[in-house]
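This is entry_11.tsv. It holds TSV, C-alpha atoms and all ligand atoms.
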chain	number	residue	atom	x	y	z
A	1	MET	CA	76.73	-125.63	-116.62
A	2	ALA	CA	80.27	-124.85	-117.79
A	3	ILE	CA	81.49	-125.46	-121.32
A	4	LYS	CA	85.14	-125.58	-122.31
A	5	ILE	CA	87.43	-126.10	-125.28
A	6	SER	CA	89.40	-129.23	-124.49
A	7	GLY	CA	91.29	-129.83	-127.72
A	8	THR	CA	92.47	-127.93	-130.80
A	9	GLY	CA	93.86	-128.79	-134.23
A	10	SER	CA	94.75	-127.12	-137.50
A	11	ALA	CA	95.69	-127.97	-141.07
A	12	LEU	CA	97.23	-125.75	-143.72
A	13	PRO	CA	98.01	-126.41	-147.37
A	14	LYS	CA	101.72	-127.13	-147.92
A	15	GLN	CA	102.26	-124.44	-150.53
A	16	SER	CA	103.40	-121.04	-149.24
A	17	ILE	CA	103.03	-118.04	-151.56
A	18	THR	CA	105.09	-114.93	-150.75
A	19	ASN	CA	104.35	-111.30	-151.52
A	20	ASP	CA	107.06	-111.45	-154.18
A	21	ASP	CA	105.17	-114.35	-155.79
A	22	MET	CA	102.05	-112.13	-155.75
A	23	ALA	CA	104.02	-109.29	-157.36
A	24	ARG	CA	104.69	-111.59	-160.31
A	25	LEU	CA	100.91	-112.01	-160.76
A	26	VAL	CA	99.56	-108.47	-160.21
A	27	GLU	CA	100.99	-104.96	-159.91
A	28	THR	CA	101.88	-104.92	-156.22
A	29	SER	CA	104.92	-105.13	-153.94
A	30	ASP	CA	106.06	-106.77	-150.74
A	31	GLU	CA	106.32	-103.31	-149.18
A	32	TRP	CA	102.72	-102.29	-150.08
A	33	ILE	CA	101.21	-105.53	-148.80
A	34	ARG	CA	103.22	-105.59	-145.57
A	35	GLN	CA	102.57	-101.93	-144.76
A	36	ARG	CA	98.82	-102.02	-145.43
A	37	THR	CA	98.03	-105.48	-144.10
A	38	GLY	CA	100.96	-107.03	-142.20
A	39	ILE	CA	100.83	-110.11	-144.47
A	40	ALA	CA	104.10	-111.54	-145.83
A	41	GLN	CA	102.94	-114.93	-147.10
A	42	ARG	CA	99.86	-117.10	-147.27
A	43	ARG	CA	99.17	-120.82	-147.74
A	44	ILE	CA	97.39	-121.53	-151.02
A	45	SER	CA	95.77	-124.84	-151.90
A	46	ALA	CA	97.54	-126.93	-154.50
A	47	GLY	CA	94.50	-129.22	-154.48
A	48	GLU	CA	93.72	-129.55	-150.77
A	49	THR	CA	89.97	-129.22	-150.20
A	50	VAL	CA	87.88	-127.54	-147.51
A	51	ALA	CA	86.58	-130.95	-146.40
A	52	ALA	CA	90.02	-132.62	-146.28
A	53	LEU	CA	91.60	-129.72	-144.37
A	54	ALA	CA	88.64	-129.64	-141.97
A	55	ALA	CA	88.82	-133.40	-141.34
A	56	LYS	CA	92.56	-133.21	-140.67
A	57	ALA	CA	92.14	-130.31	-138.21
A	58	CYS	CA	89.25	-132.15	-136.50
A	59	GLY	CA	91.32	-135.34	-136.17
A	60	MET	CA	94.06	-133.35	-134.44
A	61	ALA	CA	91.55	-131.65	-132.11
A	62	LEU	CA	90.11	-135.03	-131.10
A	63	GLU	CA	93.59	-136.42	-130.45
A	64	ASN	CA	94.47	-133.32	-128.43
A	65	ALA	CA	91.30	-133.76	-126.34
A	66	GLY	CA	91.86	-137.52	-125.96
A	67	VAL	CA	88.46	-138.31	-127.46
A	68	SER	CA	87.52	-140.80	-130.20
A	69	ALA	CA	85.48	-139.87	-133.30
A	70	GLN	CA	82.72	-142.26	-132.15
A	71	GLU	CA	82.15	-140.12	-129.04
A	72	VAL	CA	81.35	-136.92	-131.00
A	73	ASP	CA	77.72	-135.72	-130.75
A	74	LEU	CA	77.76	-132.74	-133.11
A	75	ILE	CA	79.99	-131.50	-135.96
A	76	LEU	CA	79.67	-127.88	-137.08
A	77	VAL	CA	81.67	-126.67	-140.06
A	78	ALA	CA	81.88	-122.91	-140.52
A	79	THR	CA	82.77	-122.16	-144.13
A	80	CYS	CA	81.93	-119.83	-146.97
A	81	SER	CA	83.93	-121.78	-149.54
A	82	PRO	CA	82.72	-125.41	-149.58
A	83	GLU	CA	83.47	-127.61	-152.60
A	84	LEU	CA	79.90	-128.86	-152.65
A	85	LEU	CA	76.53	-127.33	-151.84
A	86	LEU	CA	75.21	-130.87	-151.32
A	87	PRO	CA	76.22	-132.73	-149.27
A	88	CYS	CA	77.32	-130.16	-146.73
A	89	CYS	CA	80.96	-130.11	-145.69
A	90	ALA	CA	80.17	-131.20	-142.12
A	91	CYS	CA	78.66	-134.46	-143.45
A	92	GLN	CA	81.79	-135.01	-145.56
A	93	VAL	CA	83.90	-134.48	-142.43
A	94	GLN	CA	81.68	-136.83	-140.41
A	95	GLY	CA	82.22	-139.51	-143.07
A	96	LEU	CA	85.97	-138.94	-143.27
A	97	LEU	CA	86.33	-139.13	-139.48
A	98	GLY	CA	83.96	-142.06	-139.05
A	99	ALA	CA	82.07	-140.07	-136.41
A	100	LYS	CA	78.97	-142.22	-136.88
A	101	ARG	CA	76.87	-140.82	-134.01
A	102	ALA	CA	77.45	-137.17	-134.81
A	103	VAL	CA	74.82	-134.84	-136.23
A	104	ALA	CA	76.58	-132.68	-138.82
A	105	PHE	CA	75.77	-129.43	-140.57
A	106	ASP	CA	77.42	-126.28	-141.94
A	107	LEU	CA	76.99	-122.67	-141.05
A	108	ASN	CA	78.18	-119.62	-142.93
A	109	ALA	CA	78.96	-116.44	-141.05
A	110	ALA	CA	82.13	-115.73	-143.07
A	111	CYS	CA	85.02	-114.58	-140.85
A	112	SER	CA	82.83	-114.75	-137.72
A	113	GLY	CA	81.96	-118.36	-138.56
A	114	PHE	CA	84.10	-120.11	-135.97
A	115	LEU	CA	82.81	-117.87	-133.19
A	116	PHE	CA	79.20	-118.37	-134.31
A	117	ALA	CA	79.82	-122.14	-134.40
A	118	LEU	CA	81.22	-121.98	-130.87
A	119	ASN	CA	78.12	-120.11	-129.71
A	120	THR	CA	75.84	-122.59	-131.49
A	121	ALA	CA	77.65	-125.53	-129.87
A	122	TYR	CA	77.40	-123.74	-126.53
A	123	ALA	CA	73.63	-123.38	-126.92
A	124	TYR	CA	73.16	-127.06	-127.82
A	125	ILE	CA	75.34	-128.27	-124.94
A	126	GLU	CA	73.87	-125.80	-122.45
A	127	THR	CA	70.34	-127.09	-123.14
A	128	GLY	CA	71.53	-130.67	-122.67
A	129	MET	CA	70.71	-131.68	-126.23
A	130	TYR	CA	74.32	-132.72	-126.93
A	131	ARG	CA	77.25	-133.36	-124.61
A	132	ASN	CA	79.99	-132.20	-126.94
A	133	ALA	CA	80.79	-130.75	-130.36
A	134	LEU	CA	83.59	-130.59	-132.89
A	135	ILE	CA	83.65	-127.13	-134.40
A	136	VAL	CA	85.83	-126.19	-137.34
A	137	GLY	CA	86.46	-123.17	-139.54
A	138	SER	CA	87.73	-124.31	-142.93
A	139	GLU	CA	88.29	-122.28	-146.08
A	140	VAL	CA	89.82	-122.54	-149.51
A	141	LEU	CA	89.27	-118.90	-150.39
A	142	SER	CA	91.71	-119.18	-153.30
A	143	LYS	CA	88.71	-120.57	-155.25
A	144	LEU	CA	86.74	-117.37	-154.66
A	145	VAL	CA	89.52	-114.88	-155.22
A	146	ASP	CA	89.88	-112.95	-158.46
A	147	TRP	CA	93.59	-113.46	-159.08
A	148	SER	CA	93.70	-110.36	-161.28
A	149	ASP	CA	92.30	-108.06	-158.56
A	150	ARG	CA	95.26	-106.81	-156.55
A	151	SER	CA	93.02	-105.16	-153.95
A	152	THR	CA	91.74	-108.55	-152.71
A	153	CYS	CA	93.95	-111.40	-153.97
A	154	VAL	CA	96.89	-110.41	-151.74
A	155	LEU	CA	94.80	-110.65	-148.56
A	156	PHE	CA	93.55	-114.20	-148.35
A	157	GLY	CA	94.90	-117.66	-147.55
A	158	ASP	CA	93.57	-121.21	-147.20
A	159	GLY	CA	93.43	-123.40	-144.09
A	160	ALA	CA	91.38	-125.00	-141.33
A	161	GLY	CA	91.27	-124.88	-137.54
A	162	ALA	CA	89.16	-126.97	-135.17
A	163	ALA	CA	88.22	-127.23	-131.51
A	164	PHE	CA	86.56	-129.93	-129.44
A	165	VAL	CA	84.04	-128.39	-127.03
A	166	GLU	CA	82.45	-130.20	-124.13
A	167	LYS	CA	80.54	-129.88	-120.92
A	168	THR	CA	82.74	-129.54	-117.89
A	169	ASN	CA	82.24	-129.71	-114.15
A	170	ASP	CA	80.70	-126.58	-112.70
A	171	ASN	CA	83.44	-126.69	-110.13
A	172	GLU	CA	86.50	-127.08	-112.34
A	173	VAL	CA	88.56	-124.38	-110.66
A	174	CYS	CA	92.10	-123.44	-111.69
A	175	SER	CA	94.95	-122.69	-109.25
A	176	ASN	CA	94.33	-118.94	-109.82
A	177	GLY	CA	90.72	-119.38	-108.62
A	178	ARG	CA	89.12	-118.97	-112.05
A	179	HIS	CA	86.41	-121.37	-113.21
A	180	VAL	CA	87.22	-123.12	-116.49
A	181	GLY	CA	84.86	-122.47	-119.38
A	182	ILE	CA	82.99	-119.90	-121.40
A	183	GLU	CA	82.03	-116.84	-119.34
A	184	SER	CA	80.18	-114.67	-121.85
A	185	MET	CA	79.35	-114.27	-125.51
A	186	VAL	CA	78.01	-111.52	-127.71
A	187	GLN	CA	77.21	-111.72	-131.40
A	188	GLY	CA	75.50	-109.56	-133.98
A	189	SER	CA	74.70	-109.10	-137.66
A	190	ASP	CA	73.99	-106.11	-139.89
A	191	GLY	CA	72.53	-107.20	-143.22
A	192	THR	CA	72.00	-103.61	-144.36
A	193	LYS	CA	75.74	-103.23	-144.97
A	194	GLY	CA	76.30	-106.71	-146.38
A	195	MET	CA	77.33	-105.66	-149.87
A	196	VAL	CA	80.62	-104.12	-148.72
A	197	LEU	CA	82.02	-107.65	-148.85
A	198	SER	CA	80.28	-109.96	-151.31
A	199	CYS	CA	80.58	-113.00	-153.58
A	200	LYS	CA	77.81	-114.28	-155.84
A	201	GLU	CA	76.37	-117.82	-156.05
A	202	ARG	CA	73.99	-119.01	-158.79
A	203	THR	CA	70.86	-116.86	-159.25
A	204	VAL	CA	67.28	-117.79	-160.24
A	205	SER	CA	67.29	-118.91	-163.88
A	206	ASN	CA	64.90	-121.87	-164.03
A	207	PRO	CA	62.60	-122.32	-167.08
A	208	PHE	CA	59.58	-121.28	-164.99
A	209	ALA	CA	61.00	-118.13	-163.49
A	210	VAL	CA	58.64	-115.18	-163.96
A	211	SER	CA	61.25	-112.57	-163.25
A	212	VAL	CA	64.94	-113.22	-163.33
A	213	PRO	CA	66.78	-110.92	-160.91
A	214	GLU	CA	68.62	-108.22	-162.80
A	215	GLU	CA	72.33	-108.78	-163.00
A	216	ASP	CA	73.85	-106.48	-160.44
A	217	GLU	CA	77.20	-105.40	-161.78
A	218	ASP	CA	78.39	-104.75	-158.25
A	219	ILE	CA	78.05	-108.43	-157.38
A	220	SER	CA	80.73	-110.68	-158.77
A	221	SER	CA	81.24	-114.43	-158.54
A	222	TYR	CA	84.59	-113.56	-156.99
A	223	ILE	CA	85.16	-111.86	-153.64
A	224	LYS	CA	84.56	-108.15	-153.95
A	225	MET	CA	85.31	-105.78	-151.11
A	226	ASP	CA	85.09	-102.13	-150.19
A	227	GLY	CA	88.22	-102.26	-148.02
A	228	GLN	CA	87.77	-98.92	-146.36
A	229	GLU	CA	84.17	-99.65	-145.32
A	230	VAL	CA	85.26	-103.01	-143.89
A	231	TYR	CA	88.08	-101.26	-142.04
A	232	LYS	CA	85.66	-98.70	-140.54
A	233	PHE	CA	83.17	-101.40	-139.53
A	234	ALA	CA	85.82	-103.57	-137.89
A	235	THR	CA	87.59	-100.82	-135.97
A	236	ARG	CA	84.27	-99.48	-134.64
A	237	GLN	CA	82.33	-102.69	-134.03
A	238	VAL	CA	85.00	-105.03	-132.64
A	239	PRO	CA	86.05	-102.92	-129.60
A	240	SER	CA	82.42	-102.28	-128.63
A	241	CYS	CA	81.53	-105.93	-129.07
A	242	ILE	CA	84.50	-107.03	-126.92
A	243	GLN	CA	83.55	-104.43	-124.32
A	244	ALA	CA	79.98	-105.80	-124.29
A	245	ALA	CA	81.31	-109.36	-123.74
A	246	LEU	CA	83.52	-108.09	-120.89
A	247	ASP	CA	80.60	-106.20	-119.33
A	248	GLN	CA	78.43	-109.32	-119.58
A	249	ALA	CA	81.09	-111.26	-117.63
A	250	GLY	CA	81.65	-108.40	-115.15
A	251	LEU	CA	85.29	-108.06	-116.22
A	252	CYS	CA	87.63	-105.26	-117.27
A	253	VAL	CA	90.24	-105.21	-120.04
A	254	GLU	CA	93.14	-105.64	-117.57
A	255	GLU	CA	91.76	-109.02	-116.46
A	256	ILE	CA	92.23	-110.50	-119.96
A	257	ASP	CA	95.45	-112.41	-120.67
A	258	LEU	CA	95.08	-112.79	-124.45
A	259	PHE	CA	92.87	-111.35	-127.20
A	260	VAL	CA	92.59	-113.87	-130.06
A	261	LEU	CA	91.09	-111.83	-132.89
A	262	HIS	CA	90.17	-112.66	-136.45
A	263	GLN	CA	93.37	-112.16	-138.42
A	264	ALA	CA	92.28	-109.80	-141.20
A	265	ASN	CA	94.78	-107.03	-140.94
A	266	VAL	CA	97.47	-105.88	-138.48
A	267	ARG	CA	96.20	-102.29	-138.61
A	268	ILE	CA	92.70	-103.39	-137.57
A	269	ILE	CA	94.10	-105.38	-134.63
A	270	GLU	CA	96.34	-102.47	-133.55
A	271	SER	CA	93.40	-100.09	-133.73
A	272	VAL	CA	91.22	-102.42	-131.62
A	273	ALA	CA	93.99	-102.71	-129.00
A	274	LYS	CA	94.31	-98.93	-128.90
A	275	ARG	CA	90.58	-98.33	-128.56
A	276	LEU	CA	90.36	-100.87	-125.73
A	277	LYS	CA	93.49	-99.36	-124.12
A	278	ALA	CA	94.95	-102.87	-124.04
A	279	ASP	CA	98.61	-103.79	-124.44
A	280	ILE	CA	99.26	-104.90	-128.05
A	281	SER	CA	101.49	-107.71	-126.72
A	282	LYS	CA	98.27	-109.42	-125.56
A	283	PHE	CA	97.11	-109.70	-129.20
A	284	PRO	CA	98.94	-112.68	-130.74
A	285	MET	CA	99.08	-112.63	-134.55
A	286	ASN	CA	99.97	-115.13	-137.25
A	287	LEU	CA	98.61	-113.39	-140.33
A	288	GLU	CA	102.13	-112.46	-141.43
A	289	ARG	CA	102.69	-116.16	-142.18
A	290	VAL	CA	99.22	-117.35	-143.20
A	291	GLY	CA	97.14	-114.36	-144.37
A	292	ASN	CA	93.41	-114.00	-143.80
A	293	MET	CA	91.72	-117.43	-143.79
A	294	SER	CA	88.24	-116.15	-142.87
A	295	SER	CA	86.51	-118.60	-140.48
A	296	ALA	CA	89.77	-120.54	-139.99
A	297	THR	CA	91.88	-117.70	-138.59
A	298	ILE	CA	90.74	-117.84	-134.94
A	299	PRO	CA	90.97	-121.64	-134.49
A	300	VAL	CA	94.30	-121.88	-136.35
A	301	LEU	CA	95.78	-119.20	-134.10
A	302	LEU	CA	94.23	-120.83	-131.03
A	303	ASP	CA	95.81	-124.15	-132.00
A	304	GLU	CA	99.22	-122.54	-132.52
A	305	LEU	CA	98.98	-120.90	-129.09
A	306	ASN	CA	97.85	-124.13	-127.48
A	307	ARG	CA	100.60	-126.25	-129.03
A	308	SER	CA	103.38	-123.71	-128.42
A	309	GLY	CA	102.56	-123.58	-124.70
A	310	ARG	CA	101.48	-119.93	-124.78
A	311	LEU	CA	98.04	-120.83	-123.42
A	312	HIS	CA	97.98	-121.90	-119.79
A	313	ARG	CA	95.24	-123.42	-117.69
A	314	GLY	CA	93.45	-120.54	-115.99
A	315	ASP	CA	94.28	-117.96	-118.70
A	316	ARG	CA	91.33	-115.73	-119.48
A	317	ILE	CA	91.03	-115.10	-123.21
A	318	VAL	CA	88.79	-113.13	-125.53
A	319	LEU	CA	87.92	-114.53	-128.96
A	320	SER	CA	86.53	-112.03	-131.46
A	321	GLY	CA	85.48	-112.43	-135.07
A	322	PHE	CA	84.12	-110.01	-137.67
A	323	GLY	CA	83.41	-110.21	-141.35
A	324	ALA	CA	81.01	-110.48	-144.26
A	325	GLY	CA	77.33	-110.31	-143.53
A	326	LEU	CA	78.20	-108.10	-141.82
A	327	THR	CA	78.71	-110.28	-138.76
A	328	TYR	CA	80.63	-109.86	-135.52
A	329	GLY	CA	81.01	-111.49	-132.14
A	330	ALA	CA	83.15	-111.86	-129.03
A	331	SER	CA	83.44	-114.43	-126.32
A	332	VAL	CA	85.29	-114.55	-123.01
A	333	LEU	CA	86.54	-117.89	-121.69
A	334	VAL	CA	88.89	-119.37	-119.15
A	335	TRP	CA	91.24	-121.94	-120.69
A	336	GLY	CA	91.19	-125.31	-118.99
B	401	LIG	N1	99.25	-103.37	-154.25
B	401	LIG	C1	99.49	-102.11	-154.65
B	401	LIG	N2	98.54	-101.18	-154.72
B	401	LIG	C2	97.28	-101.55	-154.39
B	401	LIG	C3	96.96	-102.83	-153.97
B	401	LIG	C4	98.01	-103.77	-153.92
B	401	LIG	N3	97.81	-105.05	-153.52
B	401	LIG	N4	95.64	-102.90	-153.70
B	401	LIG	C5	95.15	-101.68	-153.93
B	401	LIG	N5	96.13	-100.86	-154.35
B	401	LIG	C6	96.05	-99.47	-154.73
B	401	LIG	C7	94.67	-99.05	-155.19
B	401	LIG	O1	94.46	-99.38	-156.53
B	401	LIG	C8	94.72	-97.57	-154.94
B	401	LIG	O2	95.43	-96.99	-156.01
B	401	LIG	P1	95.00	-95.53	-156.59
B	401	LIG	O3	95.20	-94.59	-155.44
B	401	LIG	O4	95.94	-95.36	-157.71
B	401	LIG	O5	93.57	-95.69	-156.98
B	401	LIG	C9	95.60	-97.43	-153.69
B	401	LIG	O6	96.33	-98.66	-153.59
B	401	LIG	C10	94.81	-97.23	-152.45
B	401	LIG	O7	93.72	-98.17	-152.44
B	401	LIG	P2	92.78	-98.31	-151.23
B	401	LIG	O8	91.76	-99.37	-151.51
B	401	LIG	O9	92.30	-96.95	-150.84
B	401	LIG	O10	93.81	-98.85	-150.17
B	401	LIG	P3	93.70	-98.85	-148.62
B	401	LIG	O11	94.69	-97.94	-148.04
B	401	LIG	O12	92.28	-98.69	-148.16
B	401	LIG	O13	94.18	-100.31	-148.28
B	401	LIG	C11	93.16	-102.38	-147.59
B	401	LIG	C12	93.44	-101.41	-148.75
B	401	LIG	C13	94.49	-102.90	-147.08
B	401	LIG	C14	92.31	-103.52	-148.07
B	401	LIG	C15	92.45	-101.56	-146.48
B	401	LIG	O14	91.29	-100.92	-146.99
B	401	LIG	C16	92.07	-102.39	-145.34
B	401	LIG	O15	92.89	-102.71	-144.51
B	401	LIG	N6	90.79	-102.73	-145.23
B	401	LIG	C17	90.32	-103.62	-144.23
B	401	LIG	C18	89.63	-104.73	-144.90
B	401	LIG	C19	90.32	-106.05	-144.75
B	401	LIG	O16	91.34	-106.23	-144.17
B	401	LIG	N7	89.61	-107.01	-145.31
B	401	LIG	C20	90.03	-108.36	-145.22
B	401	LIG	C21	88.91	-109.24	-145.62
B	401	LIG	S1	87.45	-108.91	-144.78
B	401	LIG	C22	87.56	-109.54	-143.28
B	401	LIG	O17	88.31	-110.44	-143.02
B	401	LIG	C23	86.68	-109.00	-142.25

Exercise: express the given structure as structure tokens:
Amino acid sequence: MAIKISGTGSALPKQSITNDDMARLVETSDEWIRQRTGIAQRRISAGETVAALAAKACGMALENAGVSAQEVDLILVATCSPELLLPCCACQVQGLLGAKRAVAFDLNAACSGFLFALNTAYAYIETGMYRNALIVGSEVLSKLVDWSDRSTCVLFGDGAGAAFVEKTNDNEVCSNGRHVGIESMVQGSDGTKGMVLSCKERTVSNPFAVSVPEEDEDISSYIKMDGQEVYKFATRQVPSCIQAALDQAGLCVEEIDLFVLHQANVRIIESVAKRLKADISKFPMNLERVGNMSSATIPVLLDELNRSGRLHRGDRIVLSGFGAGLTYGASVLVWG
């Protein structure tokens, strides 16, 4: 069975915050941020919520696919910054869309979230349990950022990106002879290194608790990151994960038209391209304009590529995400 992405959508908060705006908040500069990260501005919520951004992106993806909300079987929201623990964001989105038939739930794999949602949808559709899925990465990280910590607050942005995924004909062949759909996928997690990128929720403190976990000063209720460890993890793990996905599909780097990577940092993306010996022009980037939106980066970039006409039927693309957990993954697919 072949499974393809047949529609994309994205939604960003209206408010754009430049590096100079950041320099008015913390001791930093446009030059430092651009040189170390490649980011020039980011969209920051002025009140837009994870659920509202997700629903807007999903609505666009459905329209792009030519499908109505009533036809959706499954809604998966990848997020690490929902407004509510209960109900989950996916149920909020289901309600906002009026997707009455859809089963809806969230998953959290941080910046790998969209890719993990794609793989989850793939598994459900492949087994025949559902025919299609709306998958969305949506984040309002500005809620989780310590706006006095210059080492993290300059990195992140808010936004949502969505894709409609469905079963396709086994024989949907493009004019270049390639079969439309997902060709391979690899994903992994390493919980032993999880604390290099962390953010605390509520801990055990009920009246019946026998032992209350000791407050760990290294865990904050804001995003805390060991940037250099994350950098090392990403530059080592992402190329090998992409290579594993290529090997699984029996492909080589030269057969890939575009590498759509999680947009954390230009230097990480350049290093991955170098290690794979791939041309950097095959790595589209938008983080200069929108910053790092965690689970939303891959689908927002995918939607921009789709709508700008840079993606063509028959293009073979690699999607790759990496982030807190630690989590990582890569997928090869032929655009249809
Ligand atoms: N402006 C000015 N100076 C800063 C800033 C800032 N925004 N942030 C940190 N500094 C200072 C530090 O205080 C330090 O000063 P000191 O030498 O006086 O102590 C100096 O710059 C160097 O700090 P480092 O943390 O060593 O800076 P580094 O060169 O490692 O760059 C960065 C930091 C950009 C985060 C880098 O580690 C990196 O690219 N890491 C990858 C992680 C990443 O991109 N994470 C994104 C989120 S996670 C994800 O999406 C997977």

Point to revise | Who sits within 8 Å of A:Cys241, only C-alpha atoms, same chain under 5 positions skipped, as a VMD selection string | key: chain A and resid 186 to 187 328 to 330

I need the chosen residues saved as a tab-separated table (two decimals), in the coordinates of the input, with C-alpha atoms.
chain	number	residue	atom	x	y	z
A	186	VAL	CA	78.01	-111.52	-127.71
A	187	GLN	CA	77.21	-111.72	-131.40
A	328	TYR	CA	80.63	-109.86	-135.52
A	329	GLY	CA	81.01	-111.49	-132.14
A	330	ALA	CA	83.15	-111.86	-129.03

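Proximity to ligand LIG 401 (chain B) was assessed for A:Ile33, A:Ala121, A:Ile256, A:Val332 counting all atoms listed in the file; the smallest distance is recorded for A:Ile33.
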
Review point. What does the distance from atom C16 of ligand LIG 401 (chain B) to atom CA of A:Leu246 come to in Å, to one decimal?
Key: 26.5 Å

Exercise for review: Step by step, measure atom-to-atom distances between ligand LIG 401 (chain B) and each residue using only C-alpha atoms and all ligand atoms, keep those at most 9 Å, then write them as a ChimeraX atom specification.
Suggested key: /A:22-23,26-33,35-37,110-112,149-156,197,225-234,262-268,292-295,321-324,326-327

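With atom CA of A:Ser45 on one side and atom CA of A:Thr120 on the other, the separation reads 28.6 Å.
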
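Nearest residue to A:Ala244, choosing from A:Ser271, A:Ser331, A:Thr49, A:Ser220 and counting all atoms listed in the file: A:Ser331.
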
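Across the model, the gap from atom CA of A:Ile317 to atom CA of A:Val173 is 15.8 Å.
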
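Nearest to A:Ala69 of all the residues A:Arg202, A:Lys277, A:Arg101, A:Arg289 is A:Arg101, counting all atoms listed in the file.
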
Point to revise | Sel. within 9 Å of pt (92.0, -118.9, -112.9), counting all atoms listed in the file, output as JSON, numbers by chain | key: {"A": [173, 174, 175, 176, 177, 178, 179, 180, 313, 314, 315, 316, 334, 335, 336]}

Expected file: the selected residues, C-alpha atoms, as a short mmCIF file (atom, residue, chain, number, x, y, z; two decimals), keeping the file's coordinate frame:
data_model
loop_
_atom_site.label_atom_id
_atom_site.label_comp_id
_atom_site.auth_asym_id
_atom_site.auth_seq_id
_atom_site.Cartn_x
_atom_site.Cartn_y
_atom_site.Cartn_z
CA VAL A 173 88.56 -124.38 -110.66
CA CYS A 174 92.10 -123.44 -111.69
CA SER A 175 94.95 -122.69 -109.25
CA ASN A 176 94.33 -118.94 -109.82
CA GLY A 177 90.72 -119.38 -108.62
CA ARG A 178 89.12 -118.97 -112.05
CA HIS A 179 86.41 -121.37 -113.21
CA VAL A 180 87.22 -123.12 -116.49
CA ARG A 313 95.24 -123.42 -117.69
CA GLY A 314 93.45 -120.54 -115.99
CA ASP A 315 94.28 -117.96 -118.70
CA ARG A 316 91.33 -115.73 -119.48
CA VAL A 334 88.89 -119.37 -119.15
CA TRP A 335 91.24 -121.94 -120.69
CA GLY A 336 91.19 -125.31 -118.99
#

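Counting all atoms listed in the file, the residue from A:Thr203, A:Ser221, A:Asn132, A:Gln70 that sits nearest to A:Val145 is A:Ser221.
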